[in-house]
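Novice: As input, take input.cif (mmCIF, C-alpha atoms and all ligand atoms):
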data_upload
loop_
_atom_site.label_atom_id
_atom_site.label_comp_id
_atom_site.auth_asym_id
_atom_site.auth_seq_id
_atom_site.Cartn_x
_atom_site.Cartn_y
_atom_site.Cartn_z
CA MET A 16 28.32 68.98 62.25
CA SER A 17 29.56 67.86 65.68
CA SER A 18 33.19 68.49 66.56
CA VAL A 19 35.80 65.75 66.75
CA ILE A 20 37.09 64.68 70.17
CA SER A 21 40.76 63.76 70.47
CA VAL A 22 41.53 60.80 72.69
CA VAL A 23 45.19 60.68 73.67
CA GLY A 24 46.80 57.66 75.33
CA ILE A 25 49.39 58.50 77.95
CA GLY A 26 51.68 56.18 79.92
CA ALA A 27 53.44 56.24 83.27
CA ASP A 28 56.32 57.98 81.45
CA GLY A 29 54.03 60.99 81.08
CA TRP A 30 54.75 63.92 78.75
CA ASN A 31 58.23 62.62 77.83
CA GLY A 32 56.76 59.39 76.47
CA LEU A 33 54.27 61.07 74.12
CA SER A 34 54.67 61.32 70.35
CA ALA A 35 54.95 64.75 68.70
CA ALA A 36 51.40 64.33 67.33
CA ALA A 37 50.03 63.59 70.81
CA ARG A 38 51.83 66.58 72.33
CA ASP A 39 50.60 68.92 69.59
CA THR A 40 47.03 67.73 70.12
CA LEU A 41 47.21 68.29 73.88
CA SER A 42 48.88 71.69 73.49
CA ALA A 43 46.19 72.85 71.08
CA ALA A 44 43.26 71.58 73.18
CA GLU A 45 40.95 74.17 74.72
CA VAL A 46 39.58 71.57 77.15
CA LEU A 47 41.59 68.71 78.69
CA ILE A 48 39.59 65.94 80.34
CA GLY A 49 41.15 63.07 82.29
CA GLY A 50 41.78 61.50 85.65
CA PRO A 51 43.57 63.80 88.13
CA ARG A 52 46.71 61.59 87.97
CA GLN A 53 46.80 61.86 84.17
CA LEU A 54 46.16 65.60 84.10
CA ASP A 55 49.07 66.11 86.53
CA LEU A 56 51.40 64.55 83.95
CA LEU A 57 50.84 67.49 81.56
CA PRO A 58 53.16 70.53 82.00
CA PRO A 59 50.92 73.62 82.47
CA ASP A 60 52.95 75.84 80.16
CA ALA A 61 52.76 73.35 77.27
CA CYS A 62 49.09 72.54 77.87
CA PRO A 63 47.23 75.75 78.77
CA GLY A 64 43.70 74.39 78.12
CA GLU A 65 41.01 74.26 80.80
CA ARG A 66 41.43 71.09 82.89
CA LEU A 67 38.50 68.96 83.97
CA ALA A 68 38.79 65.82 86.08
CA TRP A 69 36.32 63.01 85.36
CA PRO A 70 33.58 62.83 87.97
CA SER A 71 32.76 59.54 89.60
CA PRO A 72 30.87 57.50 88.47
CA LEU A 73 32.30 58.24 85.08
CA ARG A 74 30.02 56.66 82.51
CA PRO A 75 26.78 58.55 83.22
CA ALA A 76 28.72 61.83 83.25
CA VAL A 77 30.28 61.42 79.80
CA PRO A 78 27.42 62.62 77.52
CA GLY A 79 26.72 65.75 79.62
CA LEU A 80 30.36 66.70 79.93
CA LEU A 81 31.00 66.36 76.19
CA ALA A 82 27.81 68.24 75.32
CA ALA A 83 28.81 71.10 77.63
CA HIS A 84 31.98 71.64 75.59
CA GLU A 85 30.54 71.05 72.12
CA GLY A 86 32.32 73.19 69.50
CA ARG A 87 35.55 73.50 71.51
CA ARG A 88 38.77 71.57 70.89
CA VAL A 89 38.45 68.78 73.45
CA ALA A 90 41.19 66.27 74.26
CA VAL A 91 40.46 63.32 76.54
CA LEU A 92 43.36 61.59 78.28
CA ALA A 93 43.36 57.83 78.50
CA SER A 94 45.75 55.42 80.11
CA GLY A 95 47.85 53.50 77.54
CA ASP A 96 45.82 52.38 74.56
CA PRO A 97 42.45 54.19 74.91
CA LEU A 98 40.55 51.38 73.19
CA PHE A 99 42.02 48.57 75.29
CA TYR A 100 39.77 48.29 78.36
CA GLY A 101 39.76 52.07 78.39
CA ILE A 102 37.70 55.24 78.16
CA GLY A 103 37.88 55.02 74.35
CA ARG A 104 35.18 52.37 74.34
CA THR A 105 32.79 54.46 76.42
CA LEU A 106 33.42 57.45 74.14
CA ALA A 107 32.92 55.40 70.96
CA GLU A 108 29.64 54.07 72.34
CA THR A 109 28.53 57.53 73.46
CA VAL A 110 29.38 59.77 70.49
CA GLY A 111 30.16 57.19 67.79
CA PRO A 112 33.57 56.22 66.41
CA ASP A 113 33.40 58.81 63.59
CA ARG A 114 33.66 61.67 66.09
CA LEU A 115 36.82 60.32 67.70
CA HIS A 116 40.44 60.90 66.77
CA VAL A 117 42.38 58.33 68.79
CA LEU A 118 46.14 58.56 69.36
CA PRO A 119 47.16 55.32 71.07
CA HIS A 120 50.07 54.80 73.44
CA PRO A 121 51.45 51.29 74.07
CA SER A 122 49.09 49.39 76.36
CA SER A 123 50.19 47.72 79.59
CA VAL A 124 50.04 44.46 77.64
CA SER A 125 52.46 45.76 74.99
CA TYR A 126 54.83 46.93 77.75
CA ALA A 127 54.58 43.66 79.64
CA CYS A 128 55.17 41.57 76.52
CA ALA A 129 58.12 43.82 75.63
CA ARG A 130 59.71 43.15 79.03
CA LEU A 131 59.03 39.41 78.90
CA GLY A 132 59.77 38.80 75.21
CA TRP A 133 56.30 37.30 74.81
CA ALA A 134 54.42 37.53 71.49
CA VAL A 135 51.33 39.65 72.12
CA GLU A 136 49.17 37.50 69.85
CA GLU A 137 50.09 34.36 71.80
CA THR A 138 49.30 35.92 75.16
CA GLU A 139 45.81 35.71 76.59
CA THR A 140 44.75 38.74 78.59
CA VAL A 141 42.28 38.69 81.45
CA SER A 142 41.21 41.93 83.09
CA LEU A 143 40.26 41.78 86.76
CA VAL A 144 39.52 45.50 86.89
CA GLY A 145 35.90 45.60 87.99
CA ARG A 146 35.54 41.92 87.12
CA PRO A 147 35.36 38.87 89.39
CA LEU A 148 38.56 36.99 90.16
CA ALA A 149 36.89 33.70 89.18
CA SER A 150 36.86 34.73 85.51
CA LEU A 151 40.59 33.95 85.42
CA VAL A 152 39.97 30.22 85.90
CA ALA A 153 38.77 29.61 82.33
CA ALA A 154 42.07 30.99 80.94
CA VAL A 155 44.36 28.83 83.06
CA HIS A 156 45.68 25.80 81.18
CA ASP A 157 48.94 23.94 81.57
CA GLY A 158 51.69 25.63 79.52
CA ARG A 159 49.68 28.78 78.70
CA ARG A 160 50.90 32.34 79.16
CA VAL A 161 48.34 34.70 80.60
CA LEU A 162 48.54 38.40 81.43
CA VAL A 163 46.27 39.57 84.20
CA LEU A 164 45.34 43.25 84.45
CA SER A 165 45.28 43.83 88.19
CA ALA A 166 42.61 45.69 90.11
CA GLY A 167 45.20 46.80 92.69
CA ALA A 168 47.80 45.86 95.27
CA ASP A 169 45.79 42.88 96.54
CA THR A 170 45.25 41.23 93.15
CA PRO A 171 48.57 39.31 92.92
CA GLY A 172 47.95 37.61 96.29
CA ALA A 173 44.38 36.76 95.32
CA VAL A 174 45.53 35.37 91.95
CA ALA A 175 48.18 33.22 93.67
CA GLU A 176 45.55 31.82 96.04
CA LEU A 177 43.15 31.10 93.17
CA LEU A 178 45.89 29.27 91.24
CA ARG A 179 46.81 27.17 94.28
CA SER A 180 43.19 26.22 94.94
CA HIS A 181 42.78 25.10 91.32
CA GLY A 182 45.91 22.93 91.28
CA PHE A 183 48.18 25.49 89.57
CA GLY A 184 50.44 26.31 92.55
CA PRO A 185 53.72 25.69 90.64
CA SER A 186 52.83 28.43 88.10
CA ARG A 187 55.41 31.19 87.68
CA LEU A 188 53.99 34.54 88.60
CA ARG A 189 55.75 37.75 87.65
CA ILE A 190 54.39 41.03 88.90
CA LEU A 191 55.28 43.94 86.64
CA GLU A 192 54.85 47.21 88.51
CA GLN A 193 54.70 50.78 87.16
CA LEU A 194 55.48 49.74 83.57
CA GLY A 195 57.22 52.53 81.68
CA ALA A 196 57.83 54.65 84.80
CA ASP A 197 61.11 55.32 86.63
CA ARG A 198 59.84 53.14 89.49
CA GLU A 199 59.29 50.13 87.21
CA ARG A 200 59.97 46.84 89.00
CA ILE A 201 59.45 43.15 88.24
CA LEU A 202 58.90 40.64 91.05
CA ASP A 203 59.49 36.99 90.20
CA ALA A 204 57.68 34.33 92.25
CA THR A 205 55.36 31.34 92.04
CA ALA A 206 51.76 30.96 93.11
CA ASP A 207 52.96 28.57 95.83
CA ASN A 208 55.46 31.19 97.06
CA PRO A 209 54.14 34.67 96.23
CA PRO A 210 56.26 37.74 97.06
CA PRO A 211 56.12 38.43 100.79
CA GLY A 212 56.26 42.24 100.71
CA PRO A 213 53.82 44.90 99.54
CA VAL A 214 53.04 45.22 95.84
CA ASP A 215 52.49 48.45 93.91
CA PRO A 216 48.78 48.98 93.09
CA LEU A 217 49.69 49.68 89.44
CA ASN A 218 50.67 46.22 88.27
CA VAL A 219 50.17 43.56 85.63
CA ILE A 220 50.66 39.88 86.46
CA ALA A 221 52.33 37.53 83.98
CA LEU A 222 51.48 33.87 84.48
CA ASP A 223 53.30 30.84 83.10
CA CYS A 224 50.65 28.29 84.01
CA VAL A 225 51.93 24.99 85.40
CA ARG A 226 49.53 22.33 86.68
CA ALA A 227 50.59 20.53 89.84
CA PRO A 228 51.26 16.80 89.46
CA GLY A 229 48.00 14.90 89.94
CA ALA A 230 45.76 17.99 89.80
CA PRO A 231 42.65 17.55 87.64
CA ARG A 232 42.99 18.56 84.02
CA LEU A 233 40.04 20.40 82.47
CA GLY A 234 40.04 20.74 78.68
CA ALA A 235 38.50 23.55 76.69
CA ALA A 236 35.91 21.42 74.86
CA PRO A 237 32.39 20.65 76.18
CA GLY A 238 31.95 17.34 77.97
CA LEU A 239 33.91 18.05 81.16
CA PRO A 240 34.11 15.13 83.60
CA ASP A 241 31.05 14.90 85.87
CA GLU A 242 33.43 15.22 88.83
CA ALA A 243 34.19 18.80 87.75
CA TYR A 244 30.74 19.70 89.08
CA GLU A 245 29.26 19.86 92.53
CA HIS A 246 25.84 18.19 92.04
CA ASP A 247 22.98 16.34 93.69
CA GLY A 248 22.42 13.95 90.79
CA GLN A 249 20.60 16.60 88.73
CA LEU A 250 23.35 16.87 86.14
CA THR A 251 23.33 16.24 82.41
CA LYS A 252 26.02 13.59 82.28
CA ARG A 253 29.24 14.07 80.37
CA HIS A 254 28.53 12.26 77.08
CA VAL A 255 24.96 13.53 76.74
CA ARG A 256 26.22 17.00 77.71
CA ALA A 257 28.82 16.98 74.92
CA ALA A 258 26.15 15.94 72.39
CA THR A 259 23.80 18.62 73.74
CA LEU A 260 26.39 21.39 73.37
CA ALA A 261 27.09 20.19 69.83
CA ALA A 262 23.37 20.54 69.01
CA LEU A 263 23.18 23.96 70.68
CA ALA A 264 26.19 25.05 68.58
CA PRO A 265 27.31 28.16 70.50
CA ALA A 266 29.00 30.94 68.54
CA PRO A 267 30.85 33.95 70.00
CA GLY A 268 28.60 36.58 71.53
CA GLU A 269 25.49 34.38 71.66
CA LEU A 270 23.05 34.10 74.56
CA LEU A 271 21.62 30.81 75.90
CA TRP A 272 18.64 30.19 78.13
CA ASP A 273 19.40 27.04 80.18
CA ILE A 274 15.99 26.13 81.56
CA GLY A 275 15.95 23.75 84.51
CA GLY A 276 19.58 24.62 85.16
CA GLY A 277 20.13 21.82 87.73
CA SER A 278 23.87 22.08 88.42
CA GLY A 279 24.38 24.59 85.62
CA SER A 280 26.55 22.44 83.38
CA ILE A 281 24.95 23.35 80.04
CA GLY A 282 25.11 27.11 80.59
CA ILE A 283 28.61 26.82 82.04
CA GLU A 284 30.00 24.83 79.12
CA TRP A 285 28.20 27.12 76.66
CA MET A 286 30.03 30.09 78.23
CA ARG A 287 33.37 28.29 78.32
CA THR A 288 33.36 27.92 74.52
CA HIS A 289 34.11 31.65 74.12
CA ARG A 290 34.55 34.48 76.61
CA SER A 291 31.88 36.52 74.84
CA CYS A 292 29.21 33.80 75.15
CA ARG A 293 26.49 34.55 77.70
CA ALA A 294 23.96 32.36 79.46
CA VAL A 295 21.01 32.60 81.82
CA ALA A 296 20.18 29.56 83.92
CA VAL A 297 16.59 29.37 85.16
CA GLU A 298 16.21 27.01 88.12
CA ARG A 299 13.21 26.79 90.44
CA ASP A 300 15.05 25.13 93.34
CA ALA A 301 16.95 27.69 95.45
CA ALA A 302 19.60 25.24 96.71
CA ARG A 303 20.35 24.18 93.15
CA ALA A 304 20.41 27.79 91.97
CA ALA A 305 23.05 28.53 94.65
CA ARG A 306 24.99 25.46 93.49
CA ILE A 307 24.94 26.75 89.89
CA VAL A 308 26.60 29.97 91.11
CA ARG A 309 29.33 27.96 92.87
CA ASN A 310 29.93 25.77 89.82
CA ALA A 311 30.06 28.80 87.53
CA ASP A 312 32.71 30.41 89.78
CA ALA A 313 34.73 27.21 90.07
CA LEU A 314 34.75 26.73 86.31
CA GLY A 315 35.64 30.31 85.39
CA VAL A 316 32.34 31.75 84.17
CA PRO A 317 31.09 33.90 87.08
CA ALA A 318 29.10 36.05 84.65
CA LEU A 319 26.55 33.25 84.22
CA ARG A 320 23.25 34.78 85.30
CA VAL A 321 21.06 32.63 87.52
CA VAL A 322 17.33 33.26 87.82
CA THR A 323 15.78 31.41 90.76
CA ALA A 324 12.24 30.86 89.50
CA ALA A 325 10.06 28.32 87.79
CA ALA A 326 9.74 28.56 84.03
CA PRO A 327 7.83 29.74 82.11
CA ALA A 328 6.98 32.53 84.62
CA GLY A 329 10.71 33.07 85.33
CA LEU A 330 11.41 33.79 81.66
CA ALA A 331 9.49 37.07 81.63
CA GLY A 332 11.70 40.03 80.81
CA LEU A 333 14.79 38.01 79.87
CA PRO A 334 16.69 39.22 76.79
CA ARG A 335 15.95 37.29 73.60
CA PRO A 336 18.10 34.15 73.38
CA ASP A 337 20.00 32.79 70.40
CA ALA A 338 19.43 29.29 71.71
CA VAL A 339 17.31 27.62 74.38
CA PHE A 340 18.05 24.40 76.21
CA ILE A 341 15.29 22.71 78.18
CA GLY A 342 16.71 20.27 80.70
CA GLY A 343 13.80 20.41 83.15
CA GLY A 344 10.20 21.61 83.27
CA LEU A 345 9.14 20.33 79.83
CA THR A 346 5.68 19.43 81.08
CA ALA A 347 5.13 22.81 82.75
CA PRO A 348 2.13 24.39 80.97
CA GLY A 349 3.17 26.92 78.35
CA LEU A 350 6.92 26.31 78.71
CA LEU A 351 7.62 24.93 75.24
CA ASP A 352 5.46 27.61 73.61
CA ALA A 353 7.20 30.40 75.56
CA CYS A 354 10.63 29.13 74.53
CA TRP A 355 9.61 28.73 70.91
CA GLU A 356 8.13 32.21 70.77
CA ALA A 357 11.23 33.76 72.31
CA LEU A 358 13.45 32.52 69.49
CA ALA A 359 14.09 34.60 66.39
CA GLU A 360 14.83 33.20 62.92
CA GLY A 361 17.86 30.90 63.13
CA GLY A 362 17.38 30.40 66.88
CA ARG A 363 17.99 26.88 68.14
CA LEU A 364 15.97 24.89 70.62
CA VAL A 365 17.27 21.69 72.19
CA ALA A 366 15.27 19.68 74.74
CA ASN A 367 16.33 16.53 76.61
CA THR A 368 14.16 14.16 78.55
CA VAL A 369 14.16 10.70 80.10
CA THR A 370 10.40 10.43 80.73
CA LEU A 371 7.71 9.06 78.41
CA GLU A 372 5.39 11.98 79.18
CA SER A 373 7.89 14.57 78.04
CA GLU A 374 8.99 12.41 75.13
CA ALA A 375 5.39 12.44 73.85
CA LEU A 376 5.48 16.26 73.88
CA LEU A 377 8.75 16.31 71.97
CA ALA A 378 7.45 13.81 69.39
CA GLU A 379 4.44 16.05 68.79
CA ARG A 380 6.70 19.14 68.32
CA TYR A 381 8.96 17.15 66.03
CA ARG A 382 5.95 16.31 63.81
CA ARG A 383 4.98 20.01 63.75
CA HIS A 384 8.36 21.71 63.31
CA GLY A 385 10.76 19.01 62.09
CA GLY A 386 14.35 19.16 63.29
CA GLU A 387 16.04 16.08 64.70
CA LEU A 388 14.67 13.63 67.23
CA ILE A 389 17.34 11.30 68.57
CA ARG A 390 17.85 8.89 71.39
CA LEU A 391 21.16 8.83 73.23
CA ALA A 392 21.82 5.59 75.07
CA VAL A 393 25.15 5.59 76.89
CA ALA A 394 26.47 2.49 78.59
CA HIS A 395 29.52 2.26 80.83
CA ALA A 396 31.73 -0.77 81.24
CA VAL A 397 31.69 -1.90 84.89
CA PRO A 398 33.03 -4.91 86.80
CA VAL A 399 30.73 -7.95 86.77
CA GLY A 400 32.27 -10.41 89.17
CA GLY A 401 35.70 -11.02 87.75
CA PHE A 402 34.57 -9.84 84.31
CA THR A 403 33.32 -6.63 82.72
CA GLY A 404 29.83 -5.79 81.49
CA TRP A 405 27.72 -2.83 80.34
CA ARG A 406 25.70 -0.72 82.71
CA GLN A 407 23.11 1.13 80.67
CA ALA A 408 22.19 4.68 81.71
CA MET A 409 18.57 5.80 81.17
CA PRO A 410 18.24 6.68 77.48
CA VAL A 411 17.83 10.37 76.79
CA THR A 412 15.49 11.58 74.06
CA GLN A 413 16.66 14.80 72.46
CA TRP A 414 14.77 17.06 70.11
CA SER A 415 16.75 19.82 68.40
CA VAL A 416 15.42 22.27 65.88
CA VAL A 417 16.32 25.54 64.17
CA LYS A 418 13.53 28.10 63.78
CA THR A 419 12.87 29.07 60.16
CA ALA A 420 12.06 32.55 58.83
CA ALA A 421 8.45 31.51 58.16
CA GLU A 422 8.05 30.20 61.71
CA ALA A 423 9.65 33.33 63.14
CA SER A 424 7.23 35.63 61.30
CA ALA A 425 4.29 33.45 62.42
CA THR A 426 5.07 33.80 66.13
CA THR A 427 4.36 36.99 67.97
CA THR A 428 6.76 37.47 70.80
CA SER A 429 6.76 39.22 74.11
CA VAL A 430 10.55 39.15 74.20
CA THR A 431 12.26 42.05 72.52
CA GLY A 432 15.79 43.16 71.88
CA THR A 433 19.17 41.62 72.64
CA GLY A 434 22.32 42.79 74.26
CA ASP A 435 21.37 42.67 77.96
CA ARG A 436 24.48 41.37 79.69
CA GLY A 437 22.53 40.70 82.84
C1 LIG A 501 17.75 17.06 84.99
S1 LIG A 501 18.01 18.56 85.80
C2 LIG A 501 18.91 19.44 84.58
C3 LIG A 501 20.36 19.15 84.66
C4 LIG A 501 21.20 20.25 84.10
N1 LIG A 501 21.12 20.36 82.66
C5 LIG A 501 22.64 20.04 84.52
O1 LIG A 501 23.43 19.58 83.75
O2 LIG A 501 22.95 20.30 85.68
C6 LIG A 501 16.40 19.33 85.74
C7 LIG A 501 16.27 20.58 86.61
O3 LIG A 501 15.13 21.31 86.20
C8 LIG A 501 14.56 21.96 87.31
N2 LIG A 501 13.17 22.30 86.93
C9 LIG A 501 12.14 21.46 86.69
N3 LIG A 501 11.04 22.15 86.30
C10 LIG A 501 11.40 23.46 86.23
C11 LIG A 501 10.74 24.66 85.87
N4 LIG A 501 9.46 24.67 85.45
N5 LIG A 501 11.42 25.82 85.92
C12 LIG A 501 12.72 25.83 86.33
N6 LIG A 501 13.40 24.73 86.71
C13 LIG A 501 12.75 23.56 86.65
C14 LIG A 501 14.72 20.96 88.43
O4 LIG A 501 14.73 21.60 89.70
C15 LIG A 501 16.09 20.33 88.09
O5 LIG A 501 17.11 21.00 88.78
#
What would you get if you wrote out this structure as structure tokens?
Ligand SMILES: C[S@@+](CC[C@H](N)C(=O)[O-])C[C@H]1O[C@@H](n2cnc3c(N)ncnc32)[C@H](O)[C@@H]1O
Specialist:
Amino acid sequence: MSSVISVVGIGADGWNGLSAAARDTLSAAEVLIGGPRQLDLLPPDACPGERLAWPSPLRPAVPGLLAAHEGRRVAVLASGDPLFYGIGRTLAETVGPDRLHVLPHPSSVSYACARLGWAVEETETVSLVGRPLASLVAAVHDGRRVLVLSAGADTPGAVAELLRSHGFGPSRLRILEQLGADRERILDATADNPPPGPVDPLNVIALDCVRAPGAPRLGAAPGLPDEAYEHDGQLTKRHVRAATLAALAPAPGELLWDIGGGSGSIGIEWMRTHRSCRAVAVERDAARAARIVRNADALGVPALRVVTAAAPAGLAGLPRPDAVFIGGGLTAPGLLDACWEALAEGGRLVANTVTLESEALLAERYRRHGGELIRLAVAHAVPVGGFTGWRQAMPVTQWSVVKTAAEASATTTSVTGTGDRG
């Protein structure tokens, strides 16, 4: 049987801040593994074990390092709570949770909430450590409290600039440095007037989000205003988009293929429903593909993957989707079949079109597989002389269907596996 690995959370308060159980574990360890800064926090006389600093890059080194010390009492040091954006996750994925004995320390979020008097469960956390700044946008709503885990000394300034550019300049921004250490300090500012001096690289940023008067308000539900997007006319318009997202029915963790991505709105709003939702937009036009990237950044989902290629060829090798949306390319030979085959049991397919040629294809699929075939005809009230009348948008035909178990076992698929985060 493989030996258990202890994972001990340690804070900026070092040895003095550890529980008796954590100290005993570290004192008894034959091998101590951690970052050099963490290892330096352990008094040599109390912790005589062999000390090993993590190599860089860390992740590929983990299995070999643990295997090399199999059978010895190994303790791994982690910063704060090991399973909160920490090494604990890598270890659990590498050796399995049953081989870990985790002794948590308060996380930076617990410390920050303690200083601010904020309820942890009411506080959204966004990590910018190794993640793009733009991912913060989706969490910023008027009146919300957000804790940002900083990547370093430059993060507070970058966050302030992002807030200003999105109409949240009046937001209060507190920078909590060196939480739990003697050098702990809290700087109080706003995004419009960030602190002028240098900031400690070890910091967490607490945001009280305040929208500037007149700045656009973006809700959390699908059906954002069309003006929220940069587009060239190739955009599924707001009301049809809301109905399309309802038919696609995203659930946390699911993956969407947005084929004929256009401006990217379907994949973007799919991802905005939950931070664990993933999407791949496939768009043959390079200028539009670049626009999708800009829209995804502006709307807080920079992890949207964009494939610049024509479908169905561009679908090869993509991870199996939970749902597929076809907004362009319906008449491309083999496209509908490739999408259908890629879906597993319970997978959803939704296709929209405004042309008779594509509508004929959808009607034929509807006869074969069932589902729902609907027509969405949206009209907007507009001025007609001194009066008001309806301006009818082109009606959109939508076919949506859920793949059954029988259909799934009848289709052989070239797409295998899930879990690629692209
Ligand atoms: C009506 S737009 C889709 C709008 C999009 N849902 C949105 O909201 O921005 C159709 C898009 O499909 C793209 N397209 C058409 N055929 C395609 C194909 N075979 N593969 C990939 N993209 C395709 C076009 O370039 C166009 O950008």
Novice: Excluding Asn218 in chain A and its own-chain neighbours fewer than 5 positions away, which residues fall within 9 Å of it when counting only C-alpha atoms? Please give them as a PyMOL selection string.
Specialist: chain A and resi 123+163-168+170-171+190-194
Novice: Using only C-alpha atoms and all ligand atoms, tabulate the residues of chain A lying at most 6 Å from any atom of ligand LIG 501 (chain A), each with its closest atom pair and that distance in Å to one decimal, by chain and increasing residue number, as CSV.
Specialist:
residue,atom,partner,partner_atom,distance
A:Gln249,CA,A:LIG501,S1,4.4
A:Leu250,CA,A:LIG501,O2,3.5
A:Thr251,CA,A:LIG501,O1,3.6
A:Ile274,CA,A:LIG501,C12,5.8
A:Gly275,CA,A:LIG501,O3,3.1
A:Gly276,CA,A:LIG501,C4,4.8
A:Gly277,CA,A:LIG501,O5,3.3
A:Ser278,CA,A:LIG501,O2,3.4
A:Gly279,CA,A:LIG501,O2,4.5
A:Ser280,CA,A:LIG501,O1,4.2
A:Ile281,CA,A:LIG501,O1,5.5
A:Val297,CA,A:LIG501,C12,5.4
A:Glu298,CA,A:LIG501,N6,3.9
A:Arg299,CA,A:LIG501,C12,4.2
A:Asp300,CA,A:LIG501,O4,5.1
A:Ala324,CA,A:LIG501,C12,6.0
A:Ala325,CA,A:LIG501,N5,3.4
A:Ala326,CA,A:LIG501,N5,3.7
A:Gly342,CA,A:LIG501,C2,4.5
A:Gly343,CA,A:LIG501,O3,3.4
A:Gly344,CA,A:LIG501,N3,3.2
A:Ala347,CA,A:LIG501,N4,5.4
Novice: For range 204-206 of chain A, please output as JSON, numbers by chain all residues within 10 Å (counting only C-alpha atoms; exclusion window: fewer than 2 positions along the same chain).
Specialist: {"A": [171, 172, 173, 174, 175, 176, 177, 178, 179, 180, 183, 184, 185, 186, 187, 188, 189, 190, 201, 202, 208, 209, 210, 211, 222, 223, 224, 225]}
Novice: Those residues with C-alpha atoms, as a PDB file, in the coordinates of the input please?
Specialist:
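To be explicit, this is the file written out as again04.pdb:
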ATOM      1  CA  PRO A 171      48.570  39.310  92.920  1.00  0.00           C
ATOM      2  CA  GLY A 172      47.950  37.610  96.290  1.00  0.00           C
ATOM      3  CA  ALA A 173      44.380  36.760  95.320  1.00  0.00           C
ATOM      4  CA  VAL A 174      45.530  35.370  91.950  1.00  0.00           C
ATOM      5  CA  ALA A 175      48.180  33.220  93.670  1.00  0.00           C
ATOM      6  CA  GLU A 176      45.550  31.820  96.040  1.00  0.00           C
ATOM      7  CA  LEU A 177      43.150  31.100  93.170  1.00  0.00           C
ATOM      8  CA  LEU A 178      45.890  29.270  91.240  1.00  0.00           C
ATOM      9  CA  ARG A 179      46.810  27.170  94.280  1.00  0.00           C
ATOM     10  CA  SER A 180      43.190  26.220  94.940  1.00  0.00           C
ATOM     11  CA  PHE A 183      48.180  25.490  89.570  1.00  0.00           C
ATOM     12  CA  GLY A 184      50.440  26.310  92.550  1.00  0.00           C
ATOM     13  CA  PRO A 185      53.720  25.690  90.640  1.00  0.00           C
ATOM     14  CA  SER A 186      52.830  28.430  88.100  1.00  0.00           C
ATOM     15  CA  ARG A 187      55.410  31.190  87.680  1.00  0.00           C
ATOM     16  CA  LEU A 188      53.990  34.540  88.600  1.00  0.00           C
ATOM     17  CA  ARG A 189      55.750  37.750  87.650  1.00  0.00           C
ATOM     18  CA  ILE A 190      54.390  41.030  88.900  1.00  0.00           C
ATOM     19  CA  ILE A 201      59.450  43.150  88.240  1.00  0.00           C
ATOM     20  CA  LEU A 202      58.900  40.640  91.050  1.00  0.00           C
ATOM     21  CA  ASN A 208      55.460  31.190  97.060  1.00  0.00           C
ATOM     22  CA  PRO A 209      54.140  34.670  96.230  1.00  0.00           C
ATOM     23  CA  PRO A 210      56.260  37.740  97.060  1.00  0.00           C
ATOM     24  CA  PRO A 211      56.120  38.430 100.790  1.00  0.00           C
ATOM     25  CA  LEU A 222      51.480  33.870  84.480  1.00  0.00           C
ATOM     26  CA  ASP A 223      53.300  30.840  83.100  1.00  0.00           C
ATOM     27  CA  CYS A 224      50.650  28.290  84.010  1.00  0.00           C
ATOM     28  CA  VAL A 225      51.930  24.990  85.400  1.00  0.00           C
TER      29      VAL A 225
END
Novice: Would you mind listing what lies within 6 Å of range 148-150 of chain A as a PDB file with C-alpha atoms, in the coordinates of the input, with all atoms listed in the file counted and same-chain residues fewer than 3 positions away left out?
Specialist:
ATOM      1  CA  ASP A 312      32.710  30.410  89.780  1.00  0.00           C
ATOM      2  CA  GLY A 315      35.640  30.310  85.390  1.00  0.00           C
ATOM      3  CA  VAL A 316      32.340  31.750  84.170  1.00  0.00           C
TER       4      VAL A 316
END
Novice: Edge lengths and centre, in Å to one decimal, as AutoDock Vina command-line options: that's what I need for the box along x, y and z that holds all listed atoms of range 343-349 of chain A plus 6 Å on each side.
Specialist:
--center_x 8.0 --center_y 23.2 --center_z 80.8 --size_x 23.7 --size_y 19.5 --size_z 16.9
Novice: Looking at all atoms listed in the file, which of A:Val214, A:Ala134, A:Leu319, A:Ala236 is the one that sits closest to Ala305 in chain A?
Specialist: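 With all atoms listed in the file as the atom set, the closest residue is A:Leu319.
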Novice: Fewer than 2 positions away in the same chain doesn't count, so skip those; otherwise give me all residues within 12 Å of Arg380 in chain A, counting only C-alpha atoms, as a list in words.
Specialist: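 Listing them by chain and then by number gives Leu345, Leu351, Asp352, Trp355, Leu364, Val365, Ala366, Ser373, Glu374, Ala375, Leu376, Leu377, Ala378, Arg382, Arg383, His384, Gly385, Gly386, Glu387, Leu388, Gln413, Trp414, Ser415 and Val416 of chain A.
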Novice: Which residue out of A:Gly248, A:Gly234, A:Pro265, A:Gly24 has the minimum interatomic distance to Leu92 in chain A when only C-alpha atoms are used?
Specialist: A:Gly24
Novice: What lies within 10 Å of Pro121 in chain A using all atoms listed in the file, ignoring chain neighbours under 6 positions off, as number ranges by chain?
Specialist: A: 24-26, 32, 94-97, 99, 127, 195
